[in-house]
Amino acid sequence: MISKKNFKNHSFLVYGLGLTGKSVINFFKRNNIKNYKVWDDKNFRLYKSKRPVNLDKTLKEINHIVLSPGISLKGSKNRNKLKKYKNKIITDLDLIFLLKNFSKSVVVTGTNGKSTTCKIIDHVLKKNGYKTLLGGNIGTPILNLNVNKNNFLIIEASSFQLAYSKFISPDYAILLNITNDHIDWHGSIRNYINSKFKIFERQKKSQYSFVNKNFKYEFKKRRFLGKLNIPNIDKYKKIKPYIKNSYLKLDINDENMSFVYSFTKLLKISFKSFCKSLNSFKGLPHRYEIFLKQNNCTFINDSKATTFEAAKFALKNTKNIYWIVGGLPKKNDKFRVKSLKKNIIKSYIIGENINFFKNQLKNKIKLMITKSLKNSIIQILKDIKSFSHKENFILLSPAAASFDQFLNFEKRGEKFKKLSKYYARKYI
């Protein structure tokens, strides 16, 4: 069994040489761990001196396979070999918890809102004197952080990371929500749920677990040891009048903010300090980002919404919407727009999967096939003149991944912002 004491005596194969894999290699170098090999299914040129001649032999002999989160046991060309040694697979999260060179930790996971929630936690703790470090799925690989014993470590954990993690044990584990996502990768919704619940499996009685009321029964059924907390959204709503930050006052943030409020109460951060800290928080880009207001038009970049459930937050909390939707749809995603159609003036379908979105929306809301962001924006600005509403909201909330047209959701969001600013000057 690997532990902090015998860590350097174990052998490793770093499988996958993306950002996470490279962070693991740099981590090994910093900690003088020399007994490791590297492998990547596609990139054969990197770290040649560390590549095994015989992958089968290496998989059999090494103690641990540090698997990058983008690699699925269902999709890798070596999936059968990896499945054979599944008990050896760990993740970068396991390495950070095995060494535990930090004071406290909070791990946040969930389908929607985890990045913003992590940023808010980081912001509030910093404003109240904590020395925090933030990493994980939010962008900075956790092993790239210069962690020390004074740090309060904040980790955004994806279901990909959690699926194969074996040693994480956060002082505070937060599961925000679970909706239909990443089913292609996990194989089923049950596997997806199980990956999220991994954050609670190794917690001790002295540690804290946060879930919403929908998962209270499942948490107790699994007999986890952490102290269960069910954040009360109504209690948070009562304090909202004291928060001046216009972004955080939006209803779409209420549930996740109730988790932040419950968490900070355990740290004995005062109500006054909590509210004061929030007032200086700035929202993350591409998450309901209001980036342009011109005359009677407001432009909102919600490119991070890659499922309908994620897009629903924006659609529910905005009116007079000209909705840009489309991209690479998630498996089994269903568009239930009946209760939202009163907010939507018209939808504009982009991307290469036109038929999927057309079938989801036809006979429910007005739609037009525009194929690209540029065409959508131009058409919307023309339509606004004919509909003649006092307020108009141009919303990119695609309810789909970006990979059919863009490298990632960030590139899609940046393109939308650039085009919006250009054509707003031209047409408004």
# chains A, B, ... in the order shown; residues from 1 in each chain; ligands from 1
call {"tool": "closest_atom_pairs", "arguments": {"of": "stretch 224-275 of chain A", "to": "stretch 113-125 of chain A", "cutoff": "12 Å", "atoms": "only C-alpha atoms", "output": "Markdown table"}}
result
| residue | atom | partner | partner_atom | distance |
| --- | --- | --- | --- | --- |
| A:Tyr247 | CA | A:Thr116 | CA | 11.3 |
| A:Leu248 | CA | A:Ile120 | CA | 9.8 |
| A:Ile252 | CA | A:Gly113 | CA | 9.6 |
| A:Asn253 | CA | A:Gly113 | CA | 8.2 |
| A:Asp254 | CA | A:Gly113 | CA | 10.8 |
| A:Glu255 | CA | A:Gly113 | CA | 9.6 |
| A:Asn256 | CA | A:Thr117 | CA | 6.6 |
| A:Met257 | CA | A:Thr117 | CA | 7.3 |
| A:Ser258 | CA | A:Thr117 | CA | 10.1 |
| A:Phe259 | CA | A:Thr117 | CA | 8.5 |
| A:Val260 | CA | A:Ile121 | CA | 6.5 |
| A:Tyr261 | CA | A:Ile121 | CA | 9.2 |
| A:Ser262 | CA | A:Ile121 | CA | 11.1 |
| A:Phe263 | CA | A:Ile121 | CA | 8.7 |
| A:Thr264 | CA | A:Ile121 | CA | 8.2 |
| A:Lys265 | CA | A:Leu125 | CA | 11.6 |
| A:Leu267 | CA | A:Leu125 | CA | 9.3 |
| A:Lys268 | CA | A:Leu125 | CA | 11.1 |
| A:Ile269 | CA | A:Leu125 | CA | 8.7 |
| A:Ser270 | CA | A:Val124 | CA | 11.1 |
| A:Phe271 | CA | A:Val124 | CA | 11.5 |
| A:Lys272 | CA | A:Val124 | CA | 11.7 |
| A:Ser273 | CA | A:Val124 | CA | 8.5 |
| A:Phe274 | CA | A:Val124 | CA | 6.8 |
| A:Cys275 | CA | A:Val124 | CA | 9.1 |
call {"tool": "write_last_selection", "arguments": {"atoms": "N, CA and C atoms", "output": "short mmCIF file (atom, residue, chain, number, x, y, z; two decimals), in the first residue's frame"}}
result
data_model
loop_
_atom_site.label_atom_id
_atom_site.label_comp_id
_atom_site.auth_asym_id
_atom_site.auth_seq_id
_atom_site.Cartn_x
_atom_site.Cartn_y
_atom_site.Cartn_z
N TYR A 247 -23.94 40.40 -10.10
CA TYR A 247 -23.82 39.06 -10.68
C TYR A 247 -24.28 37.99 -9.69
N LEU A 248 -23.83 38.10 -8.45
CA LEU A 248 -24.16 37.09 -7.46
C LEU A 248 -25.61 37.19 -6.98
N ILE A 252 -29.69 32.48 -10.78
CA ILE A 252 -28.98 31.30 -11.26
C ILE A 252 -27.87 30.87 -10.31
N ASN A 253 -27.43 31.77 -9.44
CA ASN A 253 -26.33 31.45 -8.51
C ASN A 253 -26.80 30.98 -7.14
N ASP A 254 -28.10 31.03 -6.88
CA ASP A 254 -28.60 30.82 -5.51
C ASP A 254 -28.19 29.48 -4.92
N GLU A 255 -28.40 28.39 -5.67
CA GLU A 255 -28.13 27.08 -5.09
C GLU A 255 -26.65 26.90 -4.76
N ASN A 256 -25.79 27.22 -5.73
CA ASN A 256 -24.36 27.04 -5.47
C ASN A 256 -23.85 28.01 -4.41
N MET A 257 -24.43 29.21 -4.36
CA MET A 257 -24.03 30.17 -3.31
C MET A 257 -24.44 29.69 -1.92
N SER A 258 -25.52 28.90 -1.85
CA SER A 258 -25.93 28.36 -0.55
C SER A 258 -24.87 27.39 -0.02
N PHE A 259 -24.17 26.70 -0.92
CA PHE A 259 -23.07 25.83 -0.52
C PHE A 259 -21.91 26.66 0.03
N VAL A 260 -21.58 27.74 -0.68
CA VAL A 260 -20.48 28.60 -0.24
C VAL A 260 -20.79 29.18 1.13
N TYR A 261 -22.02 29.63 1.32
CA TYR A 261 -22.42 30.23 2.59
C TYR A 261 -22.31 29.21 3.73
N SER A 262 -22.79 27.99 3.50
CA SER A 262 -22.72 26.94 4.53
C SER A 262 -21.28 26.59 4.85
N PHE A 263 -20.46 26.52 3.83
CA PHE A 263 -19.04 26.20 4.02
C PHE A 263 -18.33 27.27 4.85
N THR A 264 -18.55 28.54 4.52
CA THR A 264 -17.86 29.62 5.23
C THR A 264 -18.34 29.75 6.67
N LYS A 265 -19.57 29.35 6.93
CA LYS A 265 -20.06 29.37 8.32
C LYS A 265 -19.29 28.38 9.18
N LEU A 267 -16.25 27.70 8.81
CA LEU A 267 -14.95 28.33 9.06
C LEU A 267 -15.07 29.54 9.98
N LYS A 268 -16.31 29.80 10.43
CA LYS A 268 -16.59 30.91 11.35
C LYS A 268 -16.28 32.28 10.73
N ILE A 269 -16.45 32.37 9.41
CA ILE A 269 -16.37 33.67 8.75
C ILE A 269 -17.67 34.41 9.02
N SER A 270 -17.59 35.61 9.53
CA SER A 270 -18.78 36.33 9.95
C SER A 270 -19.66 36.71 8.77
N PHE A 271 -20.93 36.90 9.05
CA PHE A 271 -21.89 37.30 8.03
C PHE A 271 -21.44 38.60 7.35
N LYS A 272 -20.98 39.53 8.13
CA LYS A 272 -20.54 40.82 7.61
C LYS A 272 -19.34 40.65 6.67
N SER A 273 -18.36 39.85 7.08
CA SER A 273 -17.18 39.61 6.25
C SER A 273 -17.53 38.85 4.99
N PHE A 274 -18.47 37.92 5.10
CA PHE A 274 -18.91 37.13 3.95
C PHE A 274 -19.50 38.05 2.88
N CYS A 275 -20.42 38.91 3.29
CA CYS A 275 -21.07 39.82 2.33
C CYS A 275 -20.08 40.81 1.74
#
call {"tool": "select_by_dssp", "arguments": {"residues": "stretch 158-292 of chain A", "states": "strand (DSSP E or B)", "output": "VMD selection string"}}
result
chain A and resid 172 to 175 208 to 211 227 to 229 289 to 292
call {"tool": "closest_residue", "arguments": {"among": "A:Gly70, A:Pro398, A:Gly413, A:Pro285", "to": "A:Gly18", "atoms": "only C-alpha atoms"}}
result
A:Gly70
call {"tool": "residues_around", "arguments": {"residues": "stretch 39-52 of chain A", "least_positions_apart": "3", "cutoff": "7 Å", "atoms": "only C-alpha atoms", "output": "mmCIF file with N, CA and C atoms, in the first residue's frame"}}
result
data_model
loop_
_atom_site.group_PDB
_atom_site.id
_atom_site.type_symbol
_atom_site.label_atom_id
_atom_site.label_comp_id
_atom_site.auth_asym_id
_atom_site.auth_seq_id
_atom_site.Cartn_x
_atom_site.Cartn_y
_atom_site.Cartn_z
ATOM 1 N N VAL A 14 3.312 7.201 -16.126
ATOM 2 C CA VAL A 14 2.486 8.370 -16.415
ATOM 3 C C VAL A 14 1.843 8.134 -17.781
ATOM 4 N N TYR A 15 0.526 7.922 -17.792
ATOM 5 C CA TYR A 15 -0.171 7.563 -19.026
ATOM 6 C C TYR A 15 -0.966 8.771 -19.534
ATOM 7 N N GLY A 16 -0.489 9.360 -20.628
ATOM 8 C CA GLY A 16 -1.106 10.561 -21.186
ATOM 9 C C GLY A 16 -0.214 11.762 -20.939
ATOM 10 N N LEU A 17 0.191 12.448 -22.011
ATOM 11 C CA LEU A 17 1.171 13.533 -21.883
ATOM 12 C C LEU A 17 0.581 14.887 -22.260
ATOM 13 N N LEU A 55 5.231 -2.040 -23.478
ATOM 14 C CA LEU A 55 4.176 -1.502 -22.617
ATOM 15 C C LEU A 55 3.562 -2.592 -21.750
ATOM 16 N N THR A 58 5.788 -3.324 -18.809
ATOM 17 C CA THR A 58 5.804 -2.200 -17.867
ATOM 18 C C THR A 58 4.518 -2.152 -17.044
#
call {"tool": "select_by_dssp", "arguments": {"residues": "stretch 207-275 of chain A", "states": "helix (DSSP H, G or I)", "output": "mmCIF file with N, CA and C atoms, in the first residue's frame"}}
result
data_model
loop_
_atom_site.group_PDB
_atom_site.id
_atom_site.type_symbol
_atom_site.label_atom_id
_atom_site.label_comp_id
_atom_site.auth_asym_id
_atom_site.auth_seq_id
_atom_site.Cartn_x
_atom_site.Cartn_y
_atom_site.Cartn_z
ATOM 1 N N LYS A 213 -30.234 18.485 -1.120
ATOM 2 C CA LYS A 213 -31.227 17.602 -0.506
ATOM 3 C C LYS A 213 -31.578 16.409 -1.393
ATOM 4 N N ASN A 214 -31.381 16.534 -2.706
ATOM 5 C CA ASN A 214 -31.713 15.431 -3.614
ATOM 6 C C ASN A 214 -30.826 14.207 -3.400
ATOM 7 N N PHE A 215 -29.653 14.413 -2.814
ATOM 8 C CA PHE A 215 -28.712 13.301 -2.638
ATOM 9 C C PHE A 215 -28.528 12.904 -1.173
ATOM 10 N N LYS A 216 -29.352 13.444 -0.310
ATOM 11 C CA LYS A 216 -29.265 13.110 1.111
ATOM 12 C C LYS A 216 -29.442 11.611 1.339
ATOM 13 N N TYR A 217 -30.457 11.016 0.704
ATOM 14 C CA TYR A 217 -30.739 9.589 0.898
ATOM 15 C C TYR A 217 -29.583 8.735 0.394
ATOM 16 N N GLU A 218 -29.077 9.056 -0.801
ATOM 17 C CA GLU A 218 -27.985 8.252 -1.365
ATOM 18 C C GLU A 218 -26.732 8.360 -0.524
ATOM 19 N N PHE A 219 -26.453 9.544 -0.009
ATOM 20 C CA PHE A 219 -25.285 9.736 0.857
ATOM 21 C C PHE A 219 -25.389 8.829 2.081
ATOM 22 N N LYS A 220 -26.545 8.836 2.726
ATOM 23 C CA LYS A 220 -26.718 8.026 3.947
ATOM 24 C C LYS A 220 -26.717 6.536 3.629
ATOM 25 N N LYS A 221 -27.270 6.178 2.486
ATOM 26 C CA LYS A 221 -27.300 4.784 2.067
ATOM 27 C C LYS A 221 -25.893 4.221 1.910
ATOM 28 N N ILE A 233 -31.072 26.654 0.691
ATOM 29 C CA ILE A 233 -31.126 27.736 -0.293
ATOM 30 C C ILE A 233 -32.002 28.887 0.198
ATOM 31 N N ASP A 234 -33.038 28.586 0.985
ATOM 32 C CA ASP A 234 -33.923 29.640 1.497
ATOM 33 C C ASP A 234 -33.193 30.545 2.487
ATOM 34 N N LYS A 235 -32.287 29.967 3.281
ATOM 35 C CA LYS A 235 -31.503 30.782 4.212
ATOM 36 C C LYS A 235 -30.588 31.734 3.445
ATOM 37 N N TYR A 236 -30.024 31.225 2.342
ATOM 38 C CA TYR A 236 -29.170 32.102 1.542
ATOM 39 C C TYR A 236 -29.981 33.234 0.920
ATOM 40 N N LYS A 237 -31.166 32.922 0.446
ATOM 41 C CA LYS A 237 -31.999 33.943 -0.194
ATOM 42 C C LYS A 237 -32.325 35.084 0.770
ATOM 43 N N LYS A 238 -32.405 34.784 2.048
ATOM 44 C CA LYS A 238 -32.713 35.817 3.038
ATOM 45 C C LYS A 238 -31.569 36.812 3.201
ATOM 46 N N ILE A 239 -30.345 36.383 2.893
ATOM 47 C CA ILE A 239 -29.219 37.312 3.053
ATOM 48 C C ILE A 239 -28.884 38.030 1.739
ATOM 49 N N LYS A 240 -29.490 37.614 0.633
ATOM 50 C CA LYS A 240 -29.189 38.227 -0.669
ATOM 51 C C LYS A 240 -29.377 39.750 -0.685
ATOM 52 N N PRO A 241 -30.389 40.295 0.016
ATOM 53 C CA PRO A 241 -30.531 41.756 0.014
ATOM 54 C C PRO A 241 -29.309 42.500 0.544
ATOM 55 N N TYR A 242 -28.460 41.806 1.318
ATOM 56 C CA TYR A 242 -27.274 42.444 1.883
ATOM 57 C C TYR A 242 -26.061 42.341 0.948
ATOM 58 N N ASP A 251 -30.539 34.908 -9.741
ATOM 59 C CA ASP A 251 -31.114 33.678 -9.197
ATOM 60 C C ASP A 251 -30.352 32.430 -9.626
ATOM 61 N N ILE A 252 -29.692 32.482 -10.784
ATOM 62 C CA ILE A 252 -28.983 31.298 -11.262
ATOM 63 C C ILE A 252 -27.870 30.869 -10.314
ATOM 64 N N ASN A 253 -27.426 31.772 -9.442
ATOM 65 C CA ASN A 253 -26.334 31.453 -8.513
ATOM 66 C C ASN A 253 -26.799 30.979 -7.142
ATOM 67 N N ASP A 254 -28.098 31.033 -6.878
ATOM 68 C CA ASP A 254 -28.596 30.815 -5.510
ATOM 69 C C ASP A 254 -28.187 29.476 -4.916
ATOM 70 N N GLU A 255 -28.400 28.394 -5.669
ATOM 71 C CA GLU A 255 -28.128 27.079 -5.091
ATOM 72 C C GLU A 255 -26.648 26.901 -4.763
ATOM 73 N N ASN A 256 -25.791 27.215 -5.725
ATOM 74 C CA ASN A 256 -24.362 27.043 -5.474
ATOM 75 C C ASN A 256 -23.846 28.010 -4.413
ATOM 76 N N MET A 257 -24.426 29.215 -4.355
ATOM 77 C CA MET A 257 -24.029 30.168 -3.313
ATOM 78 C C MET A 257 -24.442 29.685 -1.923
ATOM 79 N N SER A 258 -25.522 28.904 -1.849
ATOM 80 C CA SER A 258 -25.929 28.364 -0.548
ATOM 81 C C SER A 258 -24.871 27.394 -0.019
ATOM 82 N N PHE A 259 -24.168 26.698 -0.925
ATOM 83 C CA PHE A 259 -23.071 25.826 -0.515
ATOM 84 C C PHE A 259 -21.913 26.658 0.031
ATOM 85 N N VAL A 260 -21.583 27.738 -0.683
ATOM 86 C CA VAL A 260 -20.479 28.596 -0.244
ATOM 87 C C VAL A 260 -20.787 29.184 1.134
ATOM 88 N N TYR A 261 -22.016 29.635 1.318
ATOM 89 C CA TYR A 261 -22.422 30.228 2.594
ATOM 90 C C TYR A 261 -22.310 29.210 3.727
ATOM 91 N N SER A 262 -22.794 27.992 3.498
ATOM 92 C CA SER A 262 -22.723 26.941 4.531
ATOM 93 C C SER A 262 -21.276 26.588 4.854
ATOM 94 N N PHE A 263 -20.455 26.519 3.829
ATOM 95 C CA PHE A 263 -19.041 26.198 4.020
ATOM 96 C C PHE A 263 -18.335 27.273 4.848
ATOM 97 N N THR A 264 -18.552 28.544 4.516
ATOM 98 C CA THR A 264 -17.857 29.621 5.231
ATOM 99 C C THR A 264 -18.342 29.754 6.674
ATOM 100 N N LYS A 265 -19.574 29.355 6.930
ATOM 101 C CA LYS A 265 -20.064 29.374 8.319
ATOM 102 C C LYS A 265 -19.289 28.381 9.179
ATOM 103 N N LEU A 266 -18.933 27.226 8.598
ATOM 104 C CA LEU A 266 -18.135 26.250 9.338
ATOM 105 C C LEU A 266 -16.754 26.803 9.669
ATOM 106 N N PHE A 271 -20.927 36.904 9.051
ATOM 107 C CA PHE A 271 -21.888 37.296 8.025
ATOM 108 C C PHE A 271 -21.444 38.596 7.348
ATOM 109 N N LYS A 272 -20.977 39.531 8.134
ATOM 110 C CA LYS A 272 -20.537 40.818 7.607
ATOM 111 C C LYS A 272 -19.340 40.652 6.673
ATOM 112 N N SER A 273 -18.363 39.846 7.081
ATOM 113 C CA SER A 273 -17.178 39.612 6.255
ATOM 114 C C SER A 273 -17.533 38.847 4.990
ATOM 115 N N PHE A 274 -18.473 37.919 5.103
ATOM 116 C CA PHE A 274 -18.912 37.131 3.953
ATOM 117 C C PHE A 274 -19.496 38.051 2.885
ATOM 118 N N CYS A 275 -20.418 38.913 3.286
ATOM 119 C CA CYS A 275 -21.068 39.825 2.330
ATOM 120 C C CYS A 275 -20.081 40.815 1.742
#
call {"tool": "residues_around", "arguments": {"residues": "A:Gly226", "least_positions_apart": "5", "cutoff": "10 Å", "atoms": "only C-alpha atoms", "output": "ChimeraX atom specification"}}
result
/A:169-173,200-210,219
call {"tool": "write_last_selection", "arguments": {"atoms": "C-alpha atoms", "output": "mmCIF file, in the first residue's frame"}}
result
data_model
loop_
_atom_site.group_PDB
_atom_site.id
_atom_site.type_symbol
_atom_site.label_atom_id
_atom_site.label_comp_id
_atom_site.auth_asym_id
_atom_site.auth_seq_id
_atom_site.Cartn_x
_atom_site.Cartn_y
_atom_site.Cartn_z
ATOM 1 C CA SER A 169 -9.758 12.636 1.415
ATOM 2 C CA PRO A 170 -10.788 16.312 1.512
ATOM 3 C CA ASP A 171 -11.449 18.148 4.750
ATOM 4 C CA TYR A 172 -14.463 19.659 2.990
ATOM 5 C CA ALA A 173 -16.081 17.765 0.092
ATOM 6 C CA PHE A 200 -16.796 11.222 0.084
ATOM 7 C CA GLU A 201 -15.488 7.650 0.113
ATOM 8 C CA ARG A 202 -12.291 8.144 2.156
ATOM 9 C CA GLN A 203 -13.415 10.994 4.389
ATOM 10 C CA LYS A 204 -13.009 10.617 8.139
ATOM 11 C CA LYS A 205 -15.543 11.448 10.856
ATOM 12 C CA SER A 206 -13.756 14.756 11.493
ATOM 13 C CA GLN A 207 -14.292 15.924 7.887
ATOM 14 C CA TYR A 208 -17.312 17.587 6.274
ATOM 15 C CA SER A 209 -19.530 16.567 3.364
ATOM 16 C CA PHE A 210 -21.904 18.866 1.452
ATOM 17 C CA PHE A 219 -25.285 9.736 0.857
#
call {"tool": "residues_around", "arguments": {"residues": "A:Ser246", "least_positions_apart": "2", "cutoff": "10 Å", "atoms": "only C-alpha atoms", "output": "list in words"}}
result
Ile243, Lys244, Leu248, Lys249, Leu250, Asn279, Phe281 and Lys282 of chain A
call {"tool": "write_last_selection", "arguments": {"atoms": "C-alpha atoms", "output": "PDB file, in the first residue's frame"}}
result
ATOM      1  CA  ILE A 243     -25.140  41.473  -1.126  1.00  0.00           C
ATOM      2  CA  LYS A 244     -24.456  44.313  -3.561  1.00  0.00           C
ATOM      3  CA  LEU A 248     -24.162  37.085  -7.455  1.00  0.00           C
ATOM      4  CA  LYS A 249     -27.668  38.443  -6.902  1.00  0.00           C
ATOM      5  CA  LEU A 250     -28.832  36.589 -10.031  1.00  0.00           C
ATOM      6  CA  ASN A 279     -19.115  42.511  -3.225  1.00  0.00           C
ATOM      7  CA  PHE A 281     -16.000  39.307  -6.668  1.00  0.00           C
ATOM      8  CA  LYS A 282     -15.973  39.319 -10.465  1.00  0.00           C
TER       9      LYS A 282
END
call {"tool": "closest_residue", "arguments": {"among": "A:Ser158, A:Ser277, A:Asn87, A:Asn31", "to": "A:Thr109", "atoms": "only C-alpha atoms"}}
result
A:Ser158
call {"tool": "residues_around", "arguments": {"residues": "A:Leu162", "least_positions_apart": "6", "cutoff": "12 Å", "atoms": "only C-alpha atoms", "output": "ChimeraX atom specification"}}
result
/A:67-70,89-94,107-110,136-137,155-156,168-169,175,186,191-201
call {"tool": "closest_atom_pairs", "arguments": {"of": "stretch 369-403 of chain A", "to": "stretch 313-328 of chain A", "cutoff": "6 Å", "atoms": "only C-alpha atoms", "output": "tab-separated table"}}
result
residue	atom	partner	partner_atom	distance
A:Asn392	CA	A:Asn320	CA	5.4
A:Phe393	CA	A:Ile321	CA	4.9
A:Ile394	CA	A:Tyr322	CA	4.9
A:Leu395	CA	A:Trp323	CA	5.0
A:Leu396	CA	A:Ile324	CA	4.8
A:Pro398	CA	A:Val325	CA	3.9
A:Ala400	CA	A:Gly327	CA	5.0
A:Ala401	CA	A:Leu328	CA	4.8
A:Ser402	CA	A:Gly327	CA	5.5
call {"tool": "atom_distance", "arguments": {"atom1": "atom CA of A:Asp181", "atom2": "atom CA of A:Pro231"}}
result
23.4 Å
call {"tool": "atom_distance", "arguments": {"atom1": "atom CA of A:Asn301", "atom2": "atom CA of A:Gly135"}}
result
23.5 Å
call {"tool": "atom_distance", "arguments": {"atom1": "atom CA of A:Lys331", "atom2": "atom CA of A:Asp302"}}
result
20.3 Å
